[in-house]
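Novice: Once you've had a glance at the structure underneath, I'll fire off some questions.
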Amino acid sequence: METILFLSDVDADGTLPPAALEALGTAKSVAAALGNAPLAAGLVGGAPQPAADRIAGCGAGRFLAVAGPAFDQPRYASDAAAAEAICRAAQATIVVAAATSRWNRVLPGVAQRLQGCVDTHVTGWAAKDGVLSLTRWYYRQRMEGVLRRSARPWFILTDPGSQAAWAGGAGQAVVEALAVSLPDACQRTTVTGVQAPTADAQTIRPDAKLLLVAGAGWTKKQADGQTHLPEAERLISDFLRLTRASLGSSKSLVDLSGEGQAVLSFLTHLNQVGQTGSTPRHPKGLATCCHGEEPHTVGWRFIAERRAVNLDPNCGWARGKADVLYVADAFAVMAGLNTLLAESQ
Ligand SMILES: Cc1cc2nc3c(=O)[nH]c(=O)nc-3n(C[C@H](O)[C@H](O)[C@H](O)COP(=O)(O)OP(=O)(O)OC[C@H]3O[C@@H](n4cnc5c(N)ncnc54)[C@H](O)[C@@H]3O)c2cc1C
């Protein structure tokens, strides 16, 4: 019989990140599908009790925690020591955690210490006759693989946005605190601060319902023979403000700024979607002034409903890449959309 462990860090305010609740949902469902295997919850953080209470109704038989100021901040050495202690105490054979940058970095090392195995960026799973199989994508989301493993413990990192979040009730959890003594060598790294854009300047919003993609067409000469960059900036930023959409970009547009040309001031290479960019997850996507070429649209794998606005009826979107293509001037479409959005607010 497998023993399933849900593992997470706890935010500084005592809450669990949304991706962790997805991992918990997966852990709980996997436990049920494997013949009601025992489920444990493991938490790492400064003060994990509020987070344990938040998930008290998840059905875990044990709540294990490594707590204290040394475990408050993300740091490989302390996170790995905490995760190792929790996995050993739980005698876990399957460990489920969110594939955040923190755990993607740490859990492969913990798997090595425990002589187990690890799969990152897991997007799906199935259980048949007591055998668990996982799904993940390869080659920039072009091929899907199904994996089974016999080695244990098996660490499973689920991609944020790919799983249903656990949404059960809170309560009072009895937390077993595990003592982990950290040598000085494991505390050399300290987080001295966080540099982040202000909320309004932050254009990448993973939880947004809509992804707006801006392509290089916004910087091109238009019908009057002129470029209209200030207008493009205003139209896009107004749309983002009115919808709280996340902003994606094509590689061409991002590269223009690298070449010193004037482009949208709020774009960075982090906005790039595609083969050499990101593969965001949103229920809807709207591409504007973007040609819809394969290396870009491969990043749309997890966008459920796709629409595009392009002057060119033969653009890539017209070739099965989008559900709806509006053959239209994006400057006019976005201006009209913004007016409607402002009126409806
Ligand atoms: C190895 C490799 C990896 C790559 N990785 C990526 C990647 O990760 N992401 C990525 O995006 N690309 C990637 N590319 C590049 C990709 O092939 C395209 O070159 C790029 O996506 C084109 O960007 P674009 O559509 O914005 O620009 P363009 O191809 O210049 O298209 C601009 C579009 O804007 C339209 N347009 C202009 N004015 C208007 C208007 N007023 N209204 C409506 N439409 C208008 C035009 O009709 C045109 O279709 C990669 C390429 C290679 C070779």
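For the structure tokens, the naming scheme is as follows: chains receive sequential letters (A, B, ...) according to their order of presentation, residues are indexed from 1 within each chain, and ligands are indexed from 1 in presentation order.
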Any idea what's packed within 10 Å of Ala12 in chain A, counting only C-alpha atoms, ignoring anything in its chain fewer than 5 positions away? Could you give it as a PDB file with N, CA, C and O atoms, in the first residue's frame?
Specialist:
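Just written: result-v6.pdb:
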ATOM      1  N   GLY A  45       7.688  26.105   7.081  1.00  0.00           N
ATOM      2  CA  GLY A  45       7.513  27.560   7.142  1.00  0.00           C
ATOM      3  C   GLY A  45       7.777  28.108   8.529  1.00  0.00           C
ATOM      4  O   GLY A  45       8.024  27.360   9.474  1.00  0.00           O
ATOM      5  N   GLY A  46       7.667  29.446   8.619  1.00  0.00           N
ATOM      6  CA  GLY A  46       7.907  30.113   9.895  1.00  0.00           C
ATOM      7  C   GLY A  46       6.905  29.652  10.940  1.00  0.00           C
ATOM      8  O   GLY A  46       7.276  29.261  12.054  1.00  0.00           O
ATOM      9  N   ALA A  47       5.628  29.703  10.594  1.00  0.00           N
ATOM     10  CA  ALA A  47       4.564  29.330  11.533  1.00  0.00           C
ATOM     11  C   ALA A  47       3.464  28.611  10.754  1.00  0.00           C
ATOM     12  O   ALA A  47       2.534  29.244  10.252  1.00  0.00           O
ATOM     13  N   PRO A  48       3.554  27.296  10.642  1.00  0.00           N
ATOM     14  CA  PRO A  48       2.619  26.574   9.759  1.00  0.00           C
ATOM     15  C   PRO A  48       1.234  26.260  10.337  1.00  0.00           C
ATOM     16  O   PRO A  48       0.390  25.782   9.602  1.00  0.00           O
ATOM     17  N   ASP A  72      11.523  29.882   7.165  1.00  0.00           N
ATOM     18  CA  ASP A  72      10.555  30.842   6.647  1.00  0.00           C
ATOM     19  C   ASP A  72      10.855  31.222   5.207  1.00  0.00           C
ATOM     20  O   ASP A  72       9.972  31.445   4.398  1.00  0.00           O
ATOM     21  N   GLN A  73      12.134  31.322   4.877  1.00  0.00           N
ATOM     22  CA  GLN A  73      12.491  31.819   3.552  1.00  0.00           C
ATOM     23  C   GLN A  73      12.938  30.687   2.634  1.00  0.00           C
ATOM     24  O   GLN A  73      13.450  29.671   3.109  1.00  0.00           O
TER      25      GLN A  73
END
Novice: Using DSSP on the backbone coordinates, identify all residues within range 108-327 of chain A classified as alpha helix (DSSP H); present the result as a PyMOL selection string.
Specialist: chain A and resi 108-113+229-243+251-258+294-297
Novice: Counting only C-alpha atoms and all ligand atoms, what are the residues, protein, DNA or RNA alike, that approach ligand 1 to within 7 Å? I want them as a PyMOL selection string.
Specialist: chain A and resi 214-218+220+222+249-253+272-277+288-296+309-312+315+328-331
Novice: Please produce a file of the residues just selected, as a short mmCIF file (atom, residue, chain, number, x, y, z; two decimals), in the first residue's frame, where the atoms kept are N, CA, C and O atoms.
Specialist:
data_model
loop_
_atom_site.label_atom_id
_atom_site.label_comp_id
_atom_site.auth_asym_id
_atom_site.auth_seq_id
_atom_site.Cartn_x
_atom_site.Cartn_y
_atom_site.Cartn_z
N ALA A 214 0.47 40.69 -27.43
CA ALA A 214 0.82 41.79 -28.34
C ALA A 214 1.94 41.31 -29.26
O ALA A 214 2.95 40.79 -28.80
N GLY A 215 1.74 41.49 -30.56
CA GLY A 215 2.76 41.09 -31.53
C GLY A 215 3.49 42.29 -32.10
O GLY A 215 3.18 43.45 -31.77
N ALA A 216 4.45 42.00 -32.98
CA ALA A 216 5.29 43.06 -33.52
C ALA A 216 4.52 44.04 -34.41
O ALA A 216 4.98 45.15 -34.66
N GLY A 217 3.32 43.61 -34.88
CA GLY A 217 2.53 44.50 -35.73
C GLY A 217 2.22 45.83 -35.08
O GLY A 217 2.05 46.85 -35.77
N TRP A 218 2.16 45.86 -33.75
CA TRP A 218 1.88 47.13 -33.05
C TRP A 218 2.96 48.18 -33.32
O TRP A 218 2.73 49.37 -33.15
N LYS A 220 4.66 48.34 -36.28
CA LYS A 220 4.89 48.48 -37.73
C LYS A 220 4.18 49.70 -38.29
O LYS A 220 3.21 50.20 -37.69
N GLN A 222 1.64 51.71 -40.24
CA GLN A 222 0.24 51.38 -40.51
C GLN A 222 -0.20 52.01 -41.84
O GLN A 222 0.63 52.54 -42.59
N SER A 249 3.56 38.23 -25.18
CA SER A 249 4.13 38.91 -26.34
C SER A 249 4.72 37.87 -27.29
O SER A 249 4.99 36.74 -26.91
N SER A 250 4.92 38.30 -28.54
CA SER A 250 5.65 37.43 -29.47
C SER A 250 7.15 37.70 -29.30
O SER A 250 7.56 38.72 -28.75
N LYS A 251 7.94 36.79 -29.81
CA LYS A 251 9.39 36.95 -29.72
C LYS A 251 9.86 38.17 -30.49
O LYS A 251 10.74 38.91 -30.07
N SER A 252 9.23 38.40 -31.66
CA SER A 252 9.66 39.53 -32.49
C SER A 252 9.54 40.84 -31.73
O SER A 252 10.43 41.68 -31.78
N LEU A 253 8.44 41.01 -31.03
CA LEU A 253 8.24 42.26 -30.31
C LEU A 253 9.24 42.40 -29.17
O LEU A 253 9.82 43.47 -28.95
N GLN A 272 7.36 36.91 -23.13
CA GLN A 272 7.36 36.13 -24.37
C GLN A 272 6.69 34.76 -24.22
O GLN A 272 7.04 33.97 -23.34
N VAL A 273 5.75 34.49 -25.12
CA VAL A 273 5.04 33.21 -25.14
C VAL A 273 5.58 32.40 -26.32
O VAL A 273 5.78 32.95 -27.40
N GLY A 274 5.81 31.12 -26.14
CA GLY A 274 6.18 30.30 -27.28
C GLY A 274 7.28 29.30 -27.00
O GLY A 274 7.61 29.02 -25.85
N GLN A 275 7.85 28.80 -28.07
CA GLN A 275 8.85 27.74 -27.98
C GLN A 275 10.03 28.11 -27.10
O GLN A 275 10.54 27.30 -26.35
N THR A 276 10.50 29.35 -27.24
CA THR A 276 11.61 29.81 -26.40
C THR A 276 11.10 30.76 -25.32
O THR A 276 11.88 31.47 -24.70
N GLY A 277 9.80 30.77 -25.12
CA GLY A 277 9.19 31.60 -24.08
C GLY A 277 8.40 30.73 -23.13
O GLY A 277 8.78 29.60 -22.84
N THR A 288 -3.12 39.92 -30.71
CA THR A 288 -3.30 41.11 -31.53
C THR A 288 -2.00 41.43 -32.25
O THR A 288 -0.92 41.41 -31.64
N CYS A 289 -2.09 41.76 -33.54
CA CYS A 289 -0.91 42.16 -34.32
C CYS A 289 0.20 41.12 -34.23
O CYS A 289 1.38 41.47 -34.18
N CYS A 290 -0.17 39.87 -34.15
CA CYS A 290 0.79 38.77 -34.02
C CYS A 290 0.45 37.77 -35.12
O CYS A 290 -0.72 37.47 -35.35
N HIS A 291 1.47 37.27 -35.80
CA HIS A 291 1.22 36.48 -37.00
C HIS A 291 0.71 35.07 -36.72
O HIS A 291 0.11 34.44 -37.58
N GLY A 292 1.00 34.55 -35.53
CA GLY A 292 0.52 33.20 -35.21
C GLY A 292 1.38 32.11 -35.83
O GLY A 292 0.87 31.09 -36.30
N GLU A 293 2.69 32.30 -35.80
CA GLU A 293 3.58 31.26 -36.34
C GLU A 293 3.75 30.14 -35.31
O GLU A 293 3.65 30.37 -34.11
N GLU A 294 4.10 28.96 -35.83
CA GLU A 294 4.19 27.77 -34.97
C GLU A 294 5.07 27.98 -33.72
O GLU A 294 4.66 27.62 -32.61
N PRO A 295 6.30 28.55 -33.85
CA PRO A 295 7.11 28.68 -32.63
C PRO A 295 6.46 29.59 -31.58
O PRO A 295 6.80 29.50 -30.42
N HIS A 296 5.52 30.43 -32.01
CA HIS A 296 4.79 31.24 -31.03
C HIS A 296 3.58 30.46 -30.51
O HIS A 296 3.38 30.34 -29.29
N VAL A 309 -6.70 38.90 -33.71
CA VAL A 309 -7.05 40.02 -34.59
C VAL A 309 -5.85 40.28 -35.48
O VAL A 309 -4.76 40.59 -34.98
N ASN A 310 -6.03 40.15 -36.79
CA ASN A 310 -4.92 40.37 -37.70
C ASN A 310 -5.46 40.92 -39.01
O ASN A 310 -6.53 40.53 -39.46
N LEU A 311 -4.70 41.81 -39.63
CA LEU A 311 -5.10 42.37 -40.92
C LEU A 311 -5.01 41.34 -42.04
O LEU A 311 -5.65 41.48 -43.08
N ASP A 312 -4.19 40.32 -41.80
CA ASP A 312 -3.87 39.37 -42.85
C ASP A 312 -4.74 38.11 -42.74
O ASP A 312 -4.59 37.33 -41.80
N CYS A 315 -2.86 34.77 -42.20
CA CYS A 315 -1.89 34.64 -41.10
C CYS A 315 -2.00 33.24 -40.49
O CYS A 315 -2.93 32.49 -40.77
N ALA A 328 -9.10 42.26 -39.11
CA ALA A 328 -9.45 43.64 -38.79
C ALA A 328 -8.21 44.37 -38.29
O ALA A 328 -7.18 43.76 -37.98
N ASP A 329 -8.32 45.69 -38.22
CA ASP A 329 -7.24 46.54 -37.71
C ASP A 329 -7.30 46.50 -36.17
O ASP A 329 -8.28 46.95 -35.57
N ALA A 330 -6.24 45.99 -35.55
CA ALA A 330 -6.24 45.83 -34.09
C ALA A 330 -6.33 47.18 -33.37
O ALA A 330 -6.86 47.26 -32.26
N PHE A 331 -5.81 48.23 -33.99
CA PHE A 331 -5.91 49.56 -33.36
C PHE A 331 -7.40 49.93 -33.19
O PHE A 331 -7.82 50.39 -32.13
#
Novice: Run DSSP on the backbone and grab whatever in range 83-268 of chain A lands in strand (DSSP E or B); send it over as JSON, numbers by chain.
Specialist: {"A": [94, 95, 96, 97, 98, 117, 118, 119, 120, 121, 122, 123, 124, 125, 126, 127, 128, 131, 132, 133, 134, 135, 136, 137, 138, 143, 144, 145, 146, 147, 154, 155, 156, 157, 158, 175, 176, 177, 210, 211, 212, 213, 214, 246, 247, 248, 249]}
Novice: Export, as a compact mmCIF listing (two decimals), in the first residue's frame, the selected residues with N, CA and C atoms.
Specialist:
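The new file again-v2.txt reads:
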# COMPACT_ATOMS: atom_id res chain seq x y z
N ILE A 94 4.80 8.14 -2.03
CA ILE A 94 4.49 9.10 -3.10
C ILE A 94 4.36 10.48 -2.46
N VAL A 95 5.10 11.45 -2.98
CA VAL A 95 5.09 12.81 -2.43
C VAL A 95 4.59 13.74 -3.53
N VAL A 96 3.55 14.52 -3.22
CA VAL A 96 2.99 15.44 -4.21
C VAL A 96 3.21 16.87 -3.73
N ALA A 97 3.81 17.69 -4.58
CA ALA A 97 4.03 19.11 -4.27
C ALA A 97 3.79 19.92 -5.53
N ALA A 98 3.63 21.23 -5.35
CA ALA A 98 3.42 22.11 -6.52
C ALA A 98 4.76 22.34 -7.22
N CYS A 117 12.80 8.81 -6.84
CA CYS A 117 12.79 9.38 -8.19
C CYS A 117 11.86 10.59 -8.19
N VAL A 118 11.94 11.39 -9.24
CA VAL A 118 11.16 12.61 -9.26
C VAL A 118 10.68 12.90 -10.67
N ASP A 119 9.45 13.44 -10.78
CA ASP A 119 8.96 13.95 -12.05
C ASP A 119 8.43 15.36 -11.84
N THR A 120 8.95 16.30 -12.62
CA THR A 120 8.53 17.70 -12.52
C THR A 120 7.53 18.00 -13.65
N HIS A 121 6.86 19.14 -13.54
CA HIS A 121 5.93 19.62 -14.58
C HIS A 121 4.88 18.58 -14.95
N VAL A 122 4.37 17.91 -13.94
CA VAL A 122 3.32 16.91 -14.18
C VAL A 122 2.00 17.65 -14.41
N THR A 123 1.26 17.24 -15.45
CA THR A 123 0.01 17.94 -15.77
C THR A 123 -1.21 17.05 -15.63
N GLY A 124 -1.01 15.75 -15.42
CA GLY A 124 -2.17 14.87 -15.28
C GLY A 124 -1.76 13.54 -14.69
N TRP A 125 -2.73 12.76 -14.25
CA TRP A 125 -2.44 11.44 -13.69
C TRP A 125 -3.65 10.53 -13.87
N ALA A 126 -3.41 9.24 -13.76
CA ALA A 126 -4.50 8.26 -13.80
C ALA A 126 -4.07 7.08 -12.95
N ALA A 127 -5.03 6.38 -12.39
CA ALA A 127 -4.72 5.17 -11.61
C ALA A 127 -5.60 4.04 -12.10
N LYS A 128 -4.95 2.91 -12.41
CA LYS A 128 -5.72 1.76 -12.86
C LYS A 128 -5.14 0.51 -12.19
N VAL A 131 -2.20 0.99 -10.03
CA VAL A 131 -0.95 1.49 -10.63
C VAL A 131 -1.16 2.94 -11.07
N LEU A 132 -0.26 3.79 -10.59
CA LEU A 132 -0.36 5.23 -10.91
C LEU A 132 0.45 5.54 -12.15
N SER A 133 -0.12 6.34 -13.05
CA SER A 133 0.67 6.85 -14.18
C SER A 133 0.51 8.35 -14.25
N LEU A 134 1.54 9.02 -14.70
CA LEU A 134 1.57 10.48 -14.77
C LEU A 134 1.67 10.93 -16.21
N THR A 135 1.22 12.16 -16.45
CA THR A 135 1.34 12.75 -17.77
C THR A 135 2.16 14.03 -17.67
N ARG A 136 3.06 14.22 -18.62
CA ARG A 136 3.74 15.51 -18.74
C ARG A 136 4.10 15.74 -20.20
N TRP A 137 4.43 16.98 -20.52
CA TRP A 137 4.71 17.36 -21.90
C TRP A 137 6.21 17.46 -22.12
N TYR A 138 6.60 17.17 -23.36
CA TYR A 138 8.01 17.26 -23.74
C TYR A 138 8.15 18.12 -24.99
N MET A 143 4.89 17.08 -27.43
CA MET A 143 4.63 15.65 -27.24
C MET A 143 4.23 15.40 -25.80
N GLU A 144 3.24 14.52 -25.64
CA GLU A 144 2.77 14.19 -24.29
C GLU A 144 3.27 12.81 -23.92
N GLY A 145 3.86 12.67 -22.74
CA GLY A 145 4.37 11.37 -22.29
C GLY A 145 3.58 10.85 -21.11
N VAL A 146 3.42 9.54 -21.02
CA VAL A 146 2.77 8.91 -19.86
C VAL A 146 3.82 8.05 -19.17
N LEU A 147 3.98 8.24 -17.85
CA LEU A 147 5.07 7.59 -17.11
C LEU A 147 4.56 6.74 -15.96
N TRP A 154 8.47 8.39 -4.72
CA TRP A 154 8.26 9.02 -6.02
C TRP A 154 7.77 10.44 -5.77
N PHE A 155 8.56 11.42 -6.15
CA PHE A 155 8.20 12.83 -5.95
C PHE A 155 7.50 13.33 -7.21
N ILE A 156 6.33 13.89 -7.02
CA ILE A 156 5.51 14.35 -8.15
C ILE A 156 5.25 15.84 -7.99
N LEU A 157 5.73 16.63 -8.95
CA LEU A 157 5.55 18.08 -8.89
C LEU A 157 4.53 18.49 -9.94
N THR A 158 3.37 18.98 -9.49
CA THR A 158 2.27 19.29 -10.42
C THR A 158 2.36 20.73 -10.89
N VAL A 175 -0.79 19.32 14.87
CA VAL A 175 0.45 19.32 14.09
C VAL A 175 1.57 18.65 14.88
N GLU A 176 2.22 17.69 14.23
CA GLU A 176 3.43 17.08 14.83
C GLU A 176 4.63 17.89 14.36
N ALA A 177 5.29 18.57 15.28
CA ALA A 177 6.45 19.37 14.91
C ALA A 177 7.70 18.50 14.88
N LEU A 210 -7.90 35.94 -18.80
CA LEU A 210 -7.59 36.24 -20.20
C LEU A 210 -6.11 36.56 -20.38
N LEU A 211 -5.55 36.03 -21.48
CA LEU A 211 -4.19 36.40 -21.89
C LEU A 211 -4.31 37.28 -23.12
N LEU A 212 -3.74 38.48 -23.05
CA LEU A 212 -3.68 39.34 -24.23
C LEU A 212 -2.27 39.27 -24.78
N VAL A 213 -2.14 38.89 -26.04
CA VAL A 213 -0.80 38.83 -26.63
C VAL A 213 -0.63 40.00 -27.60
N ALA A 214 0.47 40.69 -27.43
CA ALA A 214 0.82 41.79 -28.34
C ALA A 214 1.94 41.31 -29.26
N SER A 246 -3.64 39.18 -18.37
CA SER A 246 -2.19 39.00 -18.34
C SER A 246 -1.65 39.36 -19.72
N LEU A 247 -0.45 39.89 -19.76
CA LEU A 247 0.11 40.32 -21.05
C LEU A 247 1.19 39.36 -21.53
N GLY A 248 0.96 38.82 -22.73
CA GLY A 248 1.98 38.01 -23.39
C GLY A 248 2.48 38.75 -24.60
N SER A 249 3.56 38.23 -25.18
CA SER A 249 4.13 38.91 -26.34
C SER A 249 4.72 37.87 -27.29
Novice: Counting only C-alpha atoms, figure out which residue out of A:Glu22, A:Ala65, A:Asn36, A:Lys28 gets nearest to Val10 in chain A.
Specialist: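 Under the stated criterion, the closest residue is A:Ala65.
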Novice: Please report as a tab-separated table every residue of range 32-76 of chain A lying within 7 Å of range 170-173 of chain A, along with the nearest atom pair and their distance in Å (one decimal), using only C-alpha atoms.
Specialist:
residue	atom	partner	partner_atom	distance
A:Ala52	CA	A:Ala173	CA	5.7
A:Asp53	CA	A:Gln172	CA	4.8
A:Arg54	CA	A:Ala170	CA	4.4
A:Ile55	CA	A:Ala170	CA	5.5
A:Ala56	CA	A:Gly171	CA	5.0
A:Gly57	CA	A:Ala170	CA	5.6
Novice: For those residues, write N, CA and C atoms to a file as an mmCIF file, in the first residue's frame.
Specialist:
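Saved result, selection38.cif, follows:
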data_model
loop_
_atom_site.group_PDB
_atom_site.id
_atom_site.type_symbol
_atom_site.label_atom_id
_atom_site.label_comp_id
_atom_site.auth_asym_id
_atom_site.auth_seq_id
_atom_site.Cartn_x
_atom_site.Cartn_y
_atom_site.Cartn_z
ATOM 1 N N ALA A 52 -2.065 24.627 8.445
ATOM 2 C CA ALA A 52 -2.558 23.280 8.785
ATOM 3 C C ALA A 52 -4.045 23.343 9.132
ATOM 4 N N ASP A 53 -4.443 24.388 9.872
ATOM 5 C CA ASP A 53 -5.867 24.539 10.208
ATOM 6 C C ASP A 53 -6.697 24.744 8.945
ATOM 7 N N ARG A 54 -6.142 25.504 8.010
ATOM 8 C CA ARG A 54 -6.878 25.792 6.761
ATOM 9 C C ARG A 54 -7.212 24.495 6.006
ATOM 10 N N ILE A 55 -6.313 23.506 6.096
ATOM 11 C CA ILE A 55 -6.545 22.261 5.339
ATOM 12 C C ILE A 55 -6.900 21.098 6.279
ATOM 13 N N ALA A 56 -7.373 21.458 7.465
ATOM 14 C CA ALA A 56 -7.655 20.415 8.469
ATOM 15 C C ALA A 56 -8.660 19.392 7.956
ATOM 16 N N GLY A 57 -9.557 19.829 7.069
ATOM 17 C CA GLY A 57 -10.610 18.915 6.587
ATOM 18 C C GLY A 57 -10.205 18.093 5.377
#
Novice: Identify, on the basis of only C-alpha atoms, every residue whose closest approach to Leu229 in chain A does not exceed 8 Å; exclude the query and any residue fewer than 6 positions from it along the same chain; express the result as a ChimeraX atom specification.
Specialist: /A:218-219,262-264
Novice: Write out the residues from the selection above, keeping C-alpha atoms, as a PDB file, in the first residue's frame.
Specialist:
ATOM      1  CA  TRP A 218       1.879  47.129 -33.049  1.00  0.00           C
ATOM      2  CA  THR A 219       5.245  48.676 -33.933  1.00  0.00           C
ATOM      3  CA  ALA A 262      11.329  51.785 -29.248  1.00  0.00           C
ATOM      4  CA  VAL A 263       8.726  49.252 -28.129  1.00  0.00           C
ATOM      5  CA  LEU A 264       6.076  48.997 -25.437  1.00  0.00           C
TER       6      LEU A 264
END
Novice: Work out how far apart CA of Trp103 in chain A and CA of Gln195 in chain A are and give it in Å to one decimal.
Specialist: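 We find that CA of Trp103 in chain A and CA of Gln195 in chain A lie 20.6 Å from each other.
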Novice: In Å, how far is it from CA of Ile204 in chain A to CA of Val327 in chain A?
Specialist: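 Separating CA of Ile204 in chain A from CA of Val327 in chain A is a distance of 26.8 Å.
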Novice: For Gly161 in chain A, which residue among A:Arg105, A:Lys209, A:Lys321, A:Arg113 is the nearest when counting only C-alpha atoms?
Specialist: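 Result for the nearest residue to Gly161 in chain A: A:Lys209.
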Novice: For Ala90 in chain A, list every protein, DNA or RNA residue within 9 Å, evaluated using only C-alpha atoms, and leave out those in the same chain fewer than 2 positions away; present the list as a list in words.
Specialist: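 Those residues are Thr3, Ile4, Leu5, Ala40, Ala41, Gly42, Arg62, Leu64, Ala85, Ile86, Cys87, Arg88, Ala92 and Thr93 of chain A.
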